Amino acid sequence: MTRRVWFVSPALNASLRQARFDDGAALDAAGRAAARAAAPALPTPALAVASGSRRCRETAGLLGLGAAVEPEALAAPDTGSWRGRTLTEVMETSPQEVGRWLGDPEFRAGGGESVADVCARVSRWLDTLGDRTGVPDGGLVIGVVEPELARAAVVHALGAPLSAFWRCDVAPLTVTELSGRDGRWNLRSGRPLAAEDSQEPPSR
């Protein structure tokens with residue numbers, strides 16, 4: 001079965017602008033406006049899902065997707081005691097821990113999840129996508145997910161080492177597109193939502 005997945009990153013909020021570990025903040029006015037403007041760029045998916053974070057749920061709603069929340073596999077990364085703090089604040093108090101987090105995929109940020117943990121659950125979700133009922137062969141799945149999950153999807157699609165996770169930049173309201181069959185994925189990443197995207201691409 002051919003699988004087509006678009007991972008859409010959320011619109012901006014104050015936390016993203018401040019490089020703050022997600023604290024449950026809502027989208028700001030500019031983020032809401034950008035999401036509304038991007039809505040016509042999305043085709044109708046066979047399945048729409050979202051991370052459980054507030055910014056992802058709000059983005060999905062403004063994009064017009066009746067997205068079901070994936071509470072486990074596509075949950076926002078658990079950053080433990082770092083939640084709600086800026087990267088600069090954590091650097092000031094725990095520089096060695098930040099260094100380990102950026103260099104060791106097994107290190108658990110703030111006692112929460114590691115990069116390896118996040119990549120593993122996203123990989124499992126992608127590898128079992130064919131088990132979802134109601135998604136026809138070649139049907140499009142759209143997930144509004146945290147940028148870290150899109151990074152994890154890129155690592156999985158390319159069979160890249162976990163160290164490549166930090167080399168993937170995911171901007172707000174961009175699409176990371178995967179298409180494939182039997183675990184082999186083609187990748188198109190970093191594409192901003194635009195009017196031309198409203199036409200569905202052919203299945204590959």
# chains A, B, ... in the order shown; residues from 1 in each chain; ligands from 1

$ select_by_dssp --residues "segment 8-130 of chain A" --states "helix (DSSP H, G or I)" --output "VMD selection string"
chain A and resid 14 to 17 29 to 41 54 to 62 80 to 82 87 to 93 95 to 103 109 to 111 115 to 127 129 to 130

$ select_by_dssp --residues "segment 13-190 of chain A" --states "strand (DSSP E or B)" --output "JSON, numbers by chain"
{"A": [13, 20, 27, 47, 48, 49, 50, 68, 69, 86, 108, 114, 140, 141, 142, 143, 144, 174, 175, 176, 177, 178, 179, 180, 181, 184, 185, 186, 187, 188, 189, 190]}

$ residues_around --residues "Ala150 of chain A" --least-positions-apart "5" --cutoff "9 Å" --atoms "only C-alpha atoms" --output "CSV table (one decimal) with N, CA and C atoms, in the first residue's frame"
chain,number,residue,atom,x,y,z
A,7,PHE,N,3.4,16.1,7.2
A,7,PHE,CA,3.6,16.6,8.5
A,7,PHE,C,3.6,18.2,8.4
A,8,VAL,N,2.6,18.8,9.0
A,8,VAL,CA,2.5,20.3,9.0
A,8,VAL,C,3.0,20.8,10.4
A,9,SER,N,3.9,21.7,10.4
A,9,SER,CA,4.4,22.3,11.7
A,9,SER,C,3.4,23.4,12.1
A,122,VAL,N,7.8,8.0,16.7
A,122,VAL,CA,7.4,8.5,15.4
A,122,VAL,C,7.6,7.4,14.3
A,145,VAL,N,1.9,18.6,13.6
A,145,VAL,CA,2.8,18.1,14.7
A,145,VAL,C,3.9,19.1,15.1
A,155,VAL,N,14.5,11.8,9.8
A,155,VAL,CA,15.5,10.8,10.2
A,155,VAL,C,15.1,9.4,9.8
A,168,CYS,N,18.1,19.2,11.0
A,168,CYS,CA,16.9,19.4,10.2
A,168,CYS,C,16.1,20.6,10.8
A,170,VAL,N,12.9,23.0,10.8
A,170,VAL,CA,11.5,22.9,10.5
A,170,VAL,C,10.8,24.2,10.8
A,175,VAL,N,5.5,22.1,5.3
A,175,VAL,CA,5.1,20.7,5.1
A,175,VAL,C,6.4,19.8,4.9
A,176,THR,N,6.4,18.8,5.7
A,176,THR,CA,7.4,17.7,5.5
A,176,THR,C,6.6,16.5,4.9

$ residues_around --residues "Thr86 of chain A" --least-positions-apart "6" --cutoff "10 Å" --atoms "only C-alpha atoms" --output "ChimeraX atom specification"
/A:15-16,18-22

$ write_last_selection --atoms "C-alpha atoms" --output "compact mmCIF listing (two decimals), in the first residue's frame"
# COMPACT_ATOMS: atom_id res chain seq x y z
CA SER A 15 6.94 30.26 23.07
CA LEU A 16 8.24 29.49 19.59
CA GLN A 18 11.26 33.01 22.40
CA ALA A 19 12.83 29.55 21.86
CA ARG A 20 10.91 28.42 24.93
CA PHE A 21 10.20 24.75 25.61
CA ASP A 22 6.47 24.34 25.05

$ closest_residue --among "A:Leu129, A:Leu158, A:Leu27, A:Met1" --to "Ala60 of chain A" --atoms "only C-alpha atoms"
A:Leu27

$ closest_residue --among "A:Pro77, A:Gly143, A:Asn186, A:Gly66" --to "Trp6 of chain A" --atoms "only C-alpha atoms"
A:Gly143

$ residues_around --residues "segment 43-52 of chain A" --least-positions-apart "6" --cutoff "7 Å" --atoms "only C-alpha atoms" --output "PyMOL selection string"
chain A and resi 60+65-71+74-76+135+139-146+198-200

$ write_last_selection --atoms "C-alpha atoms" --output "tab-separated table (two decimals), in the first residue's frame"
chain	number	residue	atom	x	y	z
A	60	ALA	CA	-5.25	22.19	12.92
A	65	LEU	CA	-8.87	19.98	9.63
A	66	GLY	CA	-11.10	17.87	11.81
A	67	ALA	CA	-7.98	16.38	13.32
A	68	ALA	CA	-8.05	13.63	15.93
A	69	VAL	CA	-5.42	14.02	18.64
A	70	GLU	CA	-2.80	11.25	18.78
A	71	PRO	CA	-2.12	11.36	22.53
A	74	LEU	CA	2.49	12.07	18.11
A	75	ALA	CA	2.57	13.78	21.49
A	76	ALA	CA	4.82	16.80	21.94
A	135	VAL	CA	-7.19	5.20	4.63
A	139	GLY	CA	-4.73	8.24	0.57
A	140	LEU	CA	-3.30	11.35	2.16
A	141	VAL	CA	-2.70	11.59	5.90
A	142	ILE	CA	-2.09	15.06	7.32
A	143	GLY	CA	-0.59	15.47	10.78
A	144	VAL	CA	-0.19	18.85	12.47
A	145	VAL	CA	2.76	18.08	14.70
A	146	GLU	CA	5.51	19.69	16.71
A	198	SER	CA	-4.11	22.91	-2.87
A	199	GLN	CA	-3.73	20.60	-5.83
A	200	GLU	CA	-2.95	17.14	-4.57

$ closest_residue --among "A:Gly112, A:Pro105, A:Pro192, A:Gly183" --to "Trp166 of chain A" --atoms "only C-alpha atoms"
A:Pro105

$ closest_residue --among "A:Glu113, A:Glu148, A:Asp28, A:Glu97" --to "Thr79 of chain A" --atoms "only C-alpha atoms"
A:Glu113
